[in-house]
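A.B. asks: You'll find start_30.cif just under this line, and it carries mmCIF, C-alpha atoms.
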data_protein
#
loop_
_atom_site.group_PDB
_atom_site.id
_atom_site.type_symbol
_atom_site.label_atom_id
_atom_site.label_comp_id
_atom_site.auth_asym_id
_atom_site.auth_seq_id
_atom_site.Cartn_x
_atom_site.Cartn_y
_atom_site.Cartn_z
ATOM 1 C CA MET A 1 -57.678 -27.200 42.474
ATOM 2 C CA LYS A 2 -59.257 -24.732 40.073
ATOM 3 C CA MET A 3 -56.557 -22.215 40.924
ATOM 4 C CA ILE A 4 -53.799 -24.765 40.210
ATOM 5 C CA LYS A 5 -55.327 -25.584 36.792
ATOM 6 C CA SER A 6 -55.497 -21.873 35.947
ATOM 7 C CA LEU A 7 -51.871 -21.425 36.999
ATOM 8 C CA ILE A 8 -50.740 -24.371 34.840
ATOM 9 C CA LEU A 9 -52.745 -23.019 31.896
ATOM 10 C CA GLY A 10 -51.174 -19.586 32.340
ATOM 11 C CA ILE A 11 -47.656 -21.020 32.428
ATOM 12 C CA GLY A 12 -48.426 -23.012 29.268
ATOM 13 C CA VAL A 13 -49.573 -19.883 27.424
ATOM 14 C CA LEU A 14 -46.465 -18.006 28.586
ATOM 15 C CA LEU A 15 -44.163 -20.776 27.372
ATOM 16 C CA PHE A 16 -45.928 -20.846 24.016
ATOM 17 C CA VAL A 17 -45.460 -17.078 23.615
ATOM 18 C CA LEU A 18 -41.794 -17.245 24.580
ATOM 19 C CA THR A 19 -41.192 -20.145 22.205
ATOM 20 C CA SER A 20 -42.859 -18.273 19.357
ATOM 21 C CA CYS A 21 -40.759 -15.183 20.037
ATOM 22 C CA SER A 22 -37.521 -17.125 20.188
ATOM 23 C CA SER A 23 -38.248 -18.914 16.926
ATOM 24 C CA ASP A 24 -39.514 -15.882 15.023
ATOM 25 C CA ASP A 25 -38.664 -12.486 16.508
ATOM 26 C CA PHE A 26 -35.256 -13.455 17.928
ATOM 27 C CA LYS A 27 -34.105 -15.970 15.371
ATOM 28 C CA TYR A 28 -31.221 -14.955 13.086
ATOM 29 C CA GLU A 29 -30.192 -17.243 10.270
ATOM 30 C CA SER A 30 -26.450 -17.310 9.584
ATOM 31 C CA SER A 31 -24.244 -18.771 6.888
ATOM 32 C CA THR A 32 -20.572 -19.642 6.719
ATOM 33 C CA VAL A 33 -18.281 -17.707 4.380
ATOM 34 C CA LYS A 34 -16.572 -20.652 2.736
ATOM 35 C CA SER A 35 -14.260 -19.358 0.030
ATOM 36 C CA ILE A 36 -12.468 -16.011 -0.312
ATOM 37 C CA ASP A 37 -9.779 -15.686 -2.971
ATOM 38 C CA PHE A 38 -7.305 -13.051 -1.745
ATOM 39 C CA GLN A 39 -5.040 -11.378 -4.277
ATOM 40 C CA LEU A 40 -2.347 -8.702 -4.117
ATOM 41 C CA ASN A 41 -2.192 -6.699 -7.335
ATOM 42 C CA GLY A 42 -3.728 -9.606 -9.204
ATOM 43 C CA GLU A 43 -1.458 -12.304 -7.770
ATOM 44 C CA PRO A 44 -2.591 -14.963 -5.246
ATOM 45 C CA TRP A 45 -1.939 -13.835 -1.675
ATOM 46 C CA ASN A 46 -2.544 -15.107 1.832
ATOM 47 C CA LEU A 47 -1.084 -14.962 5.304
ATOM 48 C CA ASN A 48 1.443 -17.494 6.476
ATOM 49 C CA VAL A 49 0.063 -19.868 9.089
ATOM 50 C CA GLY A 50 0.635 -18.561 12.614
ATOM 51 C CA ILE A 51 0.483 -14.857 11.764
ATOM 52 C CA SER A 52 -2.187 -13.045 13.760
ATOM 53 C CA THR A 53 -2.787 -10.222 11.262
ATOM 54 C CA ARG A 54 -6.443 -9.860 10.257
ATOM 55 C CA PRO A 55 -6.551 -8.416 6.716
ATOM 56 C CA LEU A 56 -10.311 -8.648 6.066
ATOM 57 C CA PHE A 57 -12.808 -5.977 7.134
ATOM 58 C CA VAL A 58 -16.525 -6.696 6.852
ATOM 59 C CA TYR A 59 -19.222 -4.021 6.598
ATOM 60 C CA LYS A 60 -22.971 -4.164 6.232
ATOM 61 C CA ASP A 61 -24.427 -3.048 2.924
ATOM 62 C CA ASN A 62 -25.240 0.352 4.491
ATOM 63 C CA GLY A 63 -21.602 0.798 5.563
ATOM 64 C CA ASP A 64 -21.882 -0.136 9.247
ATOM 65 C CA TYR A 65 -18.763 -1.849 10.559
ATOM 66 C CA VAL A 66 -19.223 -5.544 11.426
ATOM 67 C CA ALA A 67 -15.874 -7.170 12.223
ATOM 68 C CA ASN A 68 -12.242 -7.755 11.277
ATOM 69 C CA TYR A 69 -11.223 -11.316 10.324
ATOM 70 C CA SER A 70 -8.150 -13.374 9.565
ATOM 71 C CA SER A 71 -7.821 -14.842 6.088
ATOM 72 C CA LEU A 72 -6.812 -18.213 7.516
ATOM 73 C CA TYR A 73 -10.144 -19.347 8.948
ATOM 74 C CA ARG A 74 -13.783 -19.620 7.922
ATOM 75 C CA PHE A 75 -16.323 -17.464 9.723
ATOM 76 C CA SER A 76 -20.102 -17.029 9.835
ATOM 77 C CA LEU A 77 -22.244 -13.959 9.220
ATOM 78 C CA ASN A 78 -25.929 -13.302 9.686
ATOM 79 C CA ASP A 79 -27.715 -13.698 6.376
ATOM 80 C CA GLY A 80 -27.774 -10.437 4.452
ATOM 81 C CA LYS A 81 -25.738 -8.169 2.186
ATOM 82 C CA TYR A 82 -22.187 -7.127 3.013
ATOM 83 C CA LYS A 83 -19.102 -5.414 1.642
ATOM 84 C CA PHE A 84 -15.586 -6.819 2.073
ATOM 85 C CA VAL A 85 -12.418 -4.694 2.209
ATOM 86 C CA ALA A 86 -8.912 -6.114 2.610
ATOM 87 C CA SER A 87 -5.356 -4.875 3.115
ATOM 88 C CA ASP A 88 -1.987 -6.491 3.754
ATOM 89 C CA TYR A 89 -1.293 -3.538 6.103
ATOM 90 C CA PRO A 90 -4.586 -3.590 8.040
ATOM 91 C CA GLU A 91 -3.343 -1.843 11.206
ATOM 92 C CA GLN A 92 -1.978 1.075 9.174
ATOM 93 C CA MET A 93 -4.821 1.338 6.667
ATOM 94 C CA ILE A 94 -7.830 0.952 8.998
ATOM 95 C CA PRO A 95 -6.643 1.482 12.592
ATOM 96 C CA LEU A 96 -10.115 2.069 14.073
ATOM 97 C CA PRO A 97 -13.608 0.704 13.305
ATOM 98 C CA THR A 98 -15.654 3.235 11.357
ATOM 99 C CA ASN A 99 -18.517 3.345 8.897
ATOM 100 C CA LEU A 100 -17.313 2.414 5.424
ATOM 101 C CA ASN A 101 -18.869 5.539 3.929
ATOM 102 C CA ASP A 102 -16.724 7.686 6.231
ATOM 103 C CA LEU A 103 -13.486 5.761 5.708
ATOM 104 C CA ILE A 104 -10.784 7.882 4.075
ATOM 105 C CA VAL A 105 -7.131 6.810 4.079
ATOM 106 C CA THR A 106 -5.000 9.957 4.012
ATOM 107 C CA GLN A 107 -1.712 10.531 2.265
ATOM 108 C CA PRO A 108 0.967 9.546 4.821
ATOM 109 C CA ALA A 109 2.556 12.794 5.991
ATOM 110 C CA LEU A 110 6.082 11.371 5.706
ATOM 111 C CA ALA A 111 5.356 9.753 2.321
ATOM 112 C CA ASN A 112 6.940 6.546 3.580
ATOM 113 C CA GLN A 113 4.017 4.089 3.535
ATOM 114 C CA HIS A 114 2.239 2.429 0.621
ATOM 115 C CA VAL A 115 -1.570 2.466 0.601
ATOM 116 C CA ASN A 116 -2.732 -1.076 -0.211
ATOM 117 C CA LEU A 117 -6.500 -1.578 -0.179
ATOM 118 C CA SER A 118 -9.027 -3.584 -2.134
ATOM 119 C CA ASP A 119 -12.207 -2.176 -3.564
ATOM 120 C CA ALA A 120 -15.309 -2.548 -1.388
ATOM 121 C CA VAL A 121 -16.468 -5.925 -2.747
ATOM 122 C CA PRO A 122 -20.207 -6.723 -2.389
ATOM 123 C CA TYR A 123 -21.092 -10.195 -1.094
ATOM 124 C CA ALA A 124 -24.457 -11.608 -0.002
ATOM 125 C CA SER A 125 -25.716 -14.744 1.763
ATOM 126 C CA PRO A 126 -25.827 -17.686 1.450
ATOM 127 C CA PHE A 127 -22.131 -17.099 0.544
ATOM 128 C CA GLU A 128 -22.001 -20.196 -1.655
ATOM 129 C CA GLU A 129 -20.058 -18.692 -4.565
ATOM 130 C CA PRO A 130 -16.327 -17.912 -4.152
ATOM 131 C CA VAL A 131 -15.524 -14.201 -3.923
ATOM 132 C CA THR A 132 -12.290 -12.516 -5.057
ATOM 133 C CA VAL A 133 -10.854 -9.681 -2.973
ATOM 134 C CA ASN A 134 -7.951 -8.072 -4.828
ATOM 135 C CA ILE A 135 -5.740 -5.801 -2.712
ATOM 136 C CA LEU A 136 -4.429 -3.030 -4.945
ATOM 137 C CA THR A 137 -1.502 -0.691 -4.395
ATOM 138 C CA ARG A 138 -2.907 2.837 -4.703
ATOM 139 C CA THR A 139 0.487 4.539 -4.469
ATOM 140 C CA GLY A 140 3.712 4.769 -6.433
ATOM 141 C CA ILE A 141 7.237 6.010 -5.757
ATOM 142 C CA LEU A 142 8.738 9.331 -6.812
ATOM 143 C CA ARG A 143 12.501 8.732 -6.802
ATOM 144 C CA LEU A 144 14.684 11.838 -6.842
ATOM 145 C CA LYS A 145 18.394 11.568 -7.623
ATOM 146 C CA SER A 146 21.117 14.155 -8.155
ATOM 147 C CA LEU A 147 23.692 13.578 -10.890
ATOM 148 C CA ASP A 148 26.257 16.002 -9.486
ATOM 149 C CA ILE A 149 29.937 15.077 -9.427
ATOM 150 C CA ILE A 150 31.130 18.432 -8.008
ATOM 151 C CA ALA A 151 30.213 19.188 -4.392
ATOM 152 C CA ASP A 152 28.827 22.463 -3.091
ATOM 153 C CA LYS A 153 29.897 22.806 0.544
ATOM 154 C CA SER A 154 27.840 25.951 1.130
ATOM 155 C CA TYR A 155 24.934 23.844 2.372
ATOM 156 C CA SER A 156 24.530 20.867 4.705
ATOM 157 C CA THR A 157 20.800 20.130 4.511
ATOM 158 C CA ILE A 158 18.577 19.404 1.531
ATOM 159 C CA LYS A 159 14.895 20.207 2.081
ATOM 160 C CA THR A 160 12.539 18.783 -0.529
ATOM 161 C CA THR A 161 8.903 19.813 -0.880
ATOM 162 C CA VAL A 162 6.553 17.853 -3.140
ATOM 163 C CA SER A 163 3.265 19.518 -4.102
ATOM 164 C CA ILE A 164 0.472 16.997 -4.606
ATOM 165 C CA LYS A 165 -3.194 17.199 -5.646
ATOM 166 C CA ARG A 166 -4.584 14.111 -3.921
ATOM 167 C CA SER A 167 -4.698 14.014 -0.128
ATOM 168 C CA GLY A 168 -6.713 10.845 0.523
ATOM 169 C CA TYR A 169 -8.431 7.744 -0.799
ATOM 170 C CA LYS A 170 -12.135 7.074 -0.171
ATOM 171 C CA VAL A 171 -12.594 3.338 0.190
ATOM 172 C CA SER A 172 -16.372 3.082 -0.289
ATOM 173 C CA ASP A 173 -16.345 4.227 -3.920
ATOM 174 C CA GLY A 174 -12.665 4.013 -4.893
ATOM 175 C CA THR A 175 -12.220 7.750 -5.458
ATOM 176 C CA TYR A 176 -9.515 10.173 -4.368
ATOM 177 C CA VAL A 177 -9.886 13.299 -2.271
ATOM 178 C CA LYS A 178 -8.725 16.221 -4.399
ATOM 179 C CA GLU A 179 -6.935 18.707 -2.199
ATOM 180 C CA ASP A 180 -3.652 20.620 -2.509
ATOM 181 C CA MET A 181 -1.095 19.278 -0.051
ATOM 182 C CA PHE A 182 2.640 19.532 0.576
ATOM 183 C CA VAL A 183 4.914 16.685 1.615
ATOM 184 C CA THR A 184 8.223 17.925 3.041
ATOM 185 C CA ARG A 185 11.355 16.061 4.020
ATOM 186 C CA SER A 186 14.860 17.190 5.016
ATOM 187 C CA LYS A 187 18.082 15.204 4.665
ATOM 188 C CA THR A 188 21.573 16.123 5.765
ATOM 189 C CA THR A 189 24.408 15.937 3.268
ATOM 190 C CA ALA A 190 28.098 15.751 4.085
ATOM 191 C CA ASN A 191 29.247 15.811 0.474
ATOM 192 C CA GLY A 192 27.572 18.907 -0.930
ATOM 193 C CA GLY A 193 24.688 17.158 -2.683
ATOM 194 C CA ILE A 194 26.663 14.392 -4.397
ATOM 195 C CA ASN A 195 24.718 11.094 -4.368
ATOM 196 C CA TYR A 196 21.590 12.749 -3.007
ATOM 197 C CA THR A 197 18.591 10.472 -3.488
ATOM 198 C CA ASP A 198 15.183 10.244 -1.851
ATOM 199 C CA ASP A 199 11.962 8.269 -2.334
ATOM 200 C CA PHE A 200 8.482 9.694 -1.797
ATOM 201 C CA ILE A 201 5.514 7.304 -1.730
ATOM 202 C CA LEU A 202 2.513 9.164 -3.148
ATOM 203 C CA PHE A 203 -0.984 8.448 -4.440
ATOM 204 C CA GLN A 204 -1.176 7.626 -8.132
ATOM 205 C CA THR A 205 -1.963 10.772 -10.056
ATOM 206 C CA GLY A 206 -4.217 9.481 -12.828
ATOM 207 C CA GLU A 207 -4.876 12.439 -15.084
ATOM 208 C CA GLU A 208 -2.185 15.029 -15.875
ATOM 209 C CA ALA A 209 -3.886 17.724 -13.800
ATOM 210 C CA ASN A 210 -2.938 15.747 -10.691
ATOM 211 C CA ASN A 211 0.778 15.531 -11.467
ATOM 212 C CA VAL A 212 3.196 16.534 -8.719
ATOM 213 C CA ARG A 213 5.764 19.346 -8.551
ATOM 214 C CA VAL A 214 9.111 19.376 -6.745
ATOM 215 C CA LYS A 215 10.980 22.217 -5.042
ATOM 216 C CA ILE A 216 14.390 21.752 -3.400
ATOM 217 C CA GLU A 217 15.947 24.148 -0.908
ATOM 218 C CA CYS A 218 19.577 23.920 0.196
ATOM 219 C CA LEU A 219 20.213 25.153 3.747
ATOM 220 C CA ASN A 220 23.425 25.955 5.599
ATOM 221 C CA GLN A 221 24.288 24.981 9.179
ATOM 222 C CA ASN A 222 22.181 27.875 10.467
ATOM 223 C CA MET A 223 19.201 26.480 8.522
ATOM 224 C CA GLN A 224 19.239 29.467 6.206
ATOM 225 C CA VAL A 225 18.340 28.926 2.558
ATOM 226 C CA VAL A 226 21.432 29.124 0.372
ATOM 227 C CA LYS A 227 19.729 28.325 -2.902
ATOM 228 C CA THR A 228 16.452 27.019 -4.262
ATOM 229 C CA LYS A 229 15.824 24.781 -7.238
ATOM 230 C CA GLU A 230 12.393 24.011 -8.689
ATOM 231 C CA LEU A 231 12.455 21.035 -11.019
ATOM 232 C CA ALA A 232 11.057 21.825 -14.432
ATOM 233 C CA GLY A 233 7.707 20.343 -15.354
ATOM 234 C CA THR A 234 5.391 18.034 -13.439
ATOM 235 C CA PHE A 235 5.610 14.312 -12.755
ATOM 236 C CA SER A 236 3.033 11.544 -12.920
ATOM 237 C CA ILE A 237 2.863 8.799 -10.307
ATOM 238 C CA GLU A 238 1.740 5.327 -11.364
ATOM 239 C CA ALA A 239 0.421 2.745 -8.927
ATOM 240 C CA ASN A 240 3.040 0.202 -7.812
ATOM 241 C CA LYS A 241 5.684 1.738 -10.087
ATOM 242 C CA VAL A 242 8.674 4.058 -9.747
ATOM 243 C CA THR A 243 8.908 7.487 -11.364
ATOM 244 C CA SER A 244 12.628 8.355 -11.552
ATOM 245 C CA VAL A 245 13.673 11.994 -11.766
ATOM 246 C CA ASP A 246 17.385 12.744 -12.260
ATOM 247 C CA PHE A 247 18.762 16.293 -12.056
ATOM 248 C CA PHE A 248 21.800 18.428 -11.283
ATOM 249 C CA LEU A 249 21.453 20.067 -7.899
ATOM 250 C CA ASN A 250 24.610 22.193 -8.085
ATOM 251 C CA GLU A 251 24.238 23.284 -11.681
ATOM 252 C CA ILE A 252 24.312 27.051 -12.018
#
Output the file's structure as structure tokens, nothing else.
C.D. replies:
Amino acid sequence: MKMIKSLILGIGVLLFVLTSCSSDDFKYESSTVKSIDFQLNGEPWNLNVGISTRPLFVYKDNGDYVANYSSLYRFSLNDGKYKFVASDYPEQMIPLPTNLNDLIVTQPALANQHVNLSDAVPYASPFEEPVTVNILTRTGILRLKSLDIIADKSYSTIKTTVSIKRSGYKVSDGTYVKEDMFVTRSKTTANGGINYTDDFILFQTGEEANNVRVKIECLNQNMQVVKTKELAGTFSIEANKVTSVDFFLNEI
């Protein structure tokens, strides 16, 4: 009988310890994120109902990746401090989970994709106040166009090389990676350069020192350079705008 009482007492102590641990050591308070105001370049934006894209990325205050959420539904987070990042091209901008402090979106090699990302917006529990996450276009378009009306049949391919000074965008602090880089593209021409036009999507340049330069090489059917033209001056790129550059390709 004494042994049974001791056993019951021991089980009672064990249950008390486990209950204390579950209510203190293993208890995590959470709160629901109720209201996020998504914008795209300052205009209201949201997904259409039924689209599975998840534009919101959540990170801990120290940069650790937490999760990727849709903008259509509420969700809960453990109480604490976080940073929110959003994009309308989430699969292209942030294809893999990574620490926010290591996240750099590089200049697309083909210069054919806009970089749309919000700042890293701080947000802390209990998440009662609405938070605005404004997705900003960090790139602009360099539009090249020849004004020629007389064809030059000595070449059949136009190779354009754009020299840029910014190779990436660091999301955690909204800065650009300063590094010399070349973006090259070739286009065939059947009319000797008449109506040649091409668009390059590049990071905004900001200060004049980051302006881009353009070199054009005209190649024959054997891919040999027939002539080279370097456009005079440098060109600035503004976010979400078009920089148009018109020139004569066949002018002697």
A.B. asks: Separation of CA of Ala109 (chain A) and CA of Gly206 (chain A), in Å?
C.D. replies: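 That distance, rounded to one decimal, is 20.3 Å.
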A.B. asks: Counting only C-alpha atoms, what is within 8 Å of Lys83 (chain A), bar same-chain residues fewer than 4 positions away, as a PyMOL selection string?
C.D. replies: chain A and resi 58-61+63+120-123
A.B. asks: Determine, counting all atoms listed in the file, which protein, DNA and RNA residues have an atom within 7 Å of an atom of Pro55 (chain A); residues of the same chain fewer than 6 positions away are not included. Present the result as a ChimeraX atom specification.
C.D. replies: /A:69-71,86-88,90
A.B. asks: Taking all atoms listed in the file into account, which of A:Arg213, A:Arg185, A:Arg166, A:Arg74 comes nearest Lys229 (chain A)?
C.D. replies: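 Closest to Lys229 (chain A) of all the choices is A:Arg213.
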A.B. asks: Find the residues near region 240-242 of chain A: any atom within 10 Å, counting all atoms listed in the file, skip ones fewer than 3 places away on the same chain, and give them as an MDAnalysis selection string.
C.D. replies: chainID A and resid 41 114:116 136:143 199:201 203:204 236:237 245
A.B. asks: Within 12 Å of Gly174 (chain A), counting all atoms listed in the file, which residues qualify if same-chain residues fewer than 6 places away don't, as a compact mmCIF listing (two decimals) with C-alpha atoms, in the frame of the given file?
C.D. replies:
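Resulting contents of result_32.txt:
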# COMPACT_ATOMS: atom_id res chain seq x y z
CA VAL A 85 -12.42 -4.69 2.21
CA LEU A 100 -17.31 2.41 5.42
CA ASN A 101 -18.87 5.54 3.93
CA LEU A 103 -13.49 5.76 5.71
CA ILE A 104 -10.78 7.88 4.08
CA VAL A 105 -7.13 6.81 4.08
CA LEU A 117 -6.50 -1.58 -0.18
CA SER A 118 -9.03 -3.58 -2.13
CA ASP A 119 -12.21 -2.18 -3.56
CA ALA A 120 -15.31 -2.55 -1.39
CA VAL A 121 -16.47 -5.92 -2.75
CA LEU A 136 -4.43 -3.03 -4.94
CA ARG A 138 -2.91 2.84 -4.70
CA GLY A 168 -6.71 10.84 0.52
A.B. asks: Please measure the separation of CA of Lys165 (chain A) and CA of Asn195 (chain A), giving the value in Å to one decimal.
C.D. replies: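 A separation of 28.6 Å between them.
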A.B. asks: Got a minute to add all heavy atoms to region 203-214 of chain A and dump it as an mmCIF file, in the frame of the given file?
C.D. replies:
data_model
loop_
_atom_site.group_PDB
_atom_site.id
_atom_site.type_symbol
_atom_site.label_atom_id
_atom_site.label_comp_id
_atom_site.auth_asym_id
_atom_site.auth_seq_id
_atom_site.Cartn_x
_atom_site.Cartn_y
_atom_site.Cartn_z
ATOM 1 N N PHE A 203 0.159 9.005 -3.715
ATOM 2 C CA PHE A 203 -0.984 8.448 -4.440
ATOM 3 C C PHE A 203 -0.760 8.554 -5.944
ATOM 4 O O PHE A 203 -0.162 9.524 -6.438
ATOM 5 C CB PHE A 203 -2.266 9.198 -4.077
ATOM 6 C CG PHE A 203 -2.873 8.781 -2.762
ATOM 7 C CD1 PHE A 203 -3.084 9.711 -1.760
ATOM 8 C CD2 PHE A 203 -3.234 7.467 -2.525
ATOM 9 C CE1 PHE A 203 -3.635 9.334 -0.551
ATOM 10 C CE2 PHE A 203 -3.787 7.077 -1.322
ATOM 11 C CZ PHE A 203 -3.988 8.012 -0.322
ATOM 12 N N GLN A 204 -1.229 7.561 -6.675
ATOM 13 C CA GLN A 204 -1.176 7.626 -8.132
ATOM 14 C C GLN A 204 -1.924 8.874 -8.599
ATOM 15 O O GLN A 204 -2.931 9.276 -8.004
ATOM 16 C CB GLN A 204 -1.789 6.369 -8.736
ATOM 17 C CG GLN A 204 -3.235 6.122 -8.361
ATOM 18 C CD GLN A 204 -3.753 4.821 -8.946
ATOM 19 O OE1 GLN A 204 -3.334 4.389 -10.017
ATOM 20 N NE2 GLN A 204 -4.670 4.187 -8.237
ATOM 21 N N THR A 205 -1.419 9.480 -9.642
ATOM 22 C CA THR A 205 -1.963 10.772 -10.056
ATOM 23 C C THR A 205 -3.109 10.665 -11.052
ATOM 24 O O THR A 205 -3.959 11.557 -11.115
ATOM 25 C CB THR A 205 -0.844 11.639 -10.669
ATOM 26 O OG1 THR A 205 -0.152 10.875 -11.681
ATOM 27 C CG2 THR A 205 0.146 12.058 -9.605
ATOM 28 N N GLY A 206 -3.139 9.596 -11.842
ATOM 29 C CA GLY A 206 -4.217 9.481 -12.828
ATOM 30 C C GLY A 206 -4.033 10.506 -13.940
ATOM 31 O O GLY A 206 -3.062 10.464 -14.696
ATOM 32 N N GLU A 207 -4.944 11.445 -14.011
ATOM 33 C CA GLU A 207 -4.876 12.439 -15.084
ATOM 34 C C GLU A 207 -3.765 13.455 -14.832
ATOM 35 O O GLU A 207 -3.314 13.667 -13.695
ATOM 36 C CB GLU A 207 -6.224 13.144 -15.223
ATOM 37 C CG GLU A 207 -6.706 13.822 -13.961
ATOM 38 C CD GLU A 207 -8.146 14.271 -14.074
ATOM 39 O OE1 GLU A 207 -8.938 13.554 -14.707
ATOM 40 O OE2 GLU A 207 -8.455 15.336 -13.518
ATOM 41 N N GLU A 208 -3.329 14.125 -15.922
ATOM 42 C CA GLU A 208 -2.185 15.029 -15.875
ATOM 43 C C GLU A 208 -2.385 16.183 -14.898
ATOM 44 O O GLU A 208 -1.415 16.677 -14.297
ATOM 45 C CB GLU A 208 -1.910 15.580 -17.273
ATOM 46 C CG GLU A 208 -0.650 16.416 -17.385
ATOM 47 C CD GLU A 208 -0.365 16.869 -18.798
ATOM 48 O OE1 GLU A 208 -1.089 16.423 -19.717
ATOM 49 O OE2 GLU A 208 0.578 17.661 -18.994
ATOM 50 N N ALA A 209 -3.614 16.598 -14.705
ATOM 51 C CA ALA A 209 -3.886 17.724 -13.800
ATOM 52 C C ALA A 209 -3.480 17.417 -12.364
ATOM 53 O O ALA A 209 -3.316 18.339 -11.551
ATOM 54 C CB ALA A 209 -5.367 18.085 -13.853
ATOM 55 N N ASN A 210 -3.310 16.144 -12.049
ATOM 56 C CA ASN A 210 -2.938 15.747 -10.691
ATOM 57 C C ASN A 210 -1.448 15.494 -10.517
ATOM 58 O O ASN A 210 -1.013 15.054 -9.443
ATOM 59 C CB ASN A 210 -3.705 14.479 -10.287
ATOM 60 C CG ASN A 210 -5.199 14.696 -10.268
ATOM 61 O OD1 ASN A 210 -5.689 15.725 -9.856
ATOM 62 N ND2 ASN A 210 -5.943 13.692 -10.740
ATOM 63 N N ASN A 211 -0.668 15.750 -11.553
ATOM 64 C CA ASN A 211 0.778 15.531 -11.467
ATOM 65 C C ASN A 211 1.405 16.359 -10.342
ATOM 66 O O ASN A 211 0.865 17.388 -9.930
ATOM 67 C CB ASN A 211 1.450 15.888 -12.787
ATOM 68 C CG ASN A 211 1.219 14.825 -13.856
ATOM 69 O OD1 ASN A 211 0.536 13.822 -13.616
ATOM 70 N ND2 ASN A 211 1.770 15.044 -15.031
ATOM 71 N N VAL A 212 2.552 15.889 -9.867
ATOM 72 C CA VAL A 212 3.196 16.534 -8.719
ATOM 73 C C VAL A 212 4.328 17.455 -9.185
ATOM 74 O O VAL A 212 4.892 17.282 -10.266
ATOM 75 C CB VAL A 212 3.736 15.488 -7.730
ATOM 76 C CG1 VAL A 212 2.607 14.546 -7.299
ATOM 77 C CG2 VAL A 212 4.891 14.689 -8.322
ATOM 78 N N ARG A 213 4.651 18.424 -8.326
ATOM 79 C CA ARG A 213 5.764 19.346 -8.551
ATOM 80 C C ARG A 213 6.777 19.204 -7.423
ATOM 81 O O ARG A 213 6.418 18.830 -6.307
ATOM 82 C CB ARG A 213 5.274 20.794 -8.640
ATOM 83 C CG ARG A 213 4.357 21.065 -9.834
ATOM 84 C CD ARG A 213 3.912 22.525 -9.872
ATOM 85 N NE ARG A 213 3.052 22.792 -11.001
ATOM 86 C CZ ARG A 213 3.491 23.105 -12.225
ATOM 87 N NH1 ARG A 213 4.797 23.233 -12.441
ATOM 88 N NH2 ARG A 213 2.645 23.338 -13.216
ATOM 89 N N VAL A 214 8.042 19.555 -7.722
ATOM 90 C CA VAL A 214 9.111 19.376 -6.745
ATOM 91 C C VAL A 214 9.919 20.660 -6.604
ATOM 92 O O VAL A 214 10.354 21.248 -7.600
ATOM 93 C CB VAL A 214 10.061 18.220 -7.146
ATOM 94 C CG1 VAL A 214 11.179 18.074 -6.115
ATOM 95 C CG2 VAL A 214 9.282 16.916 -7.283
#
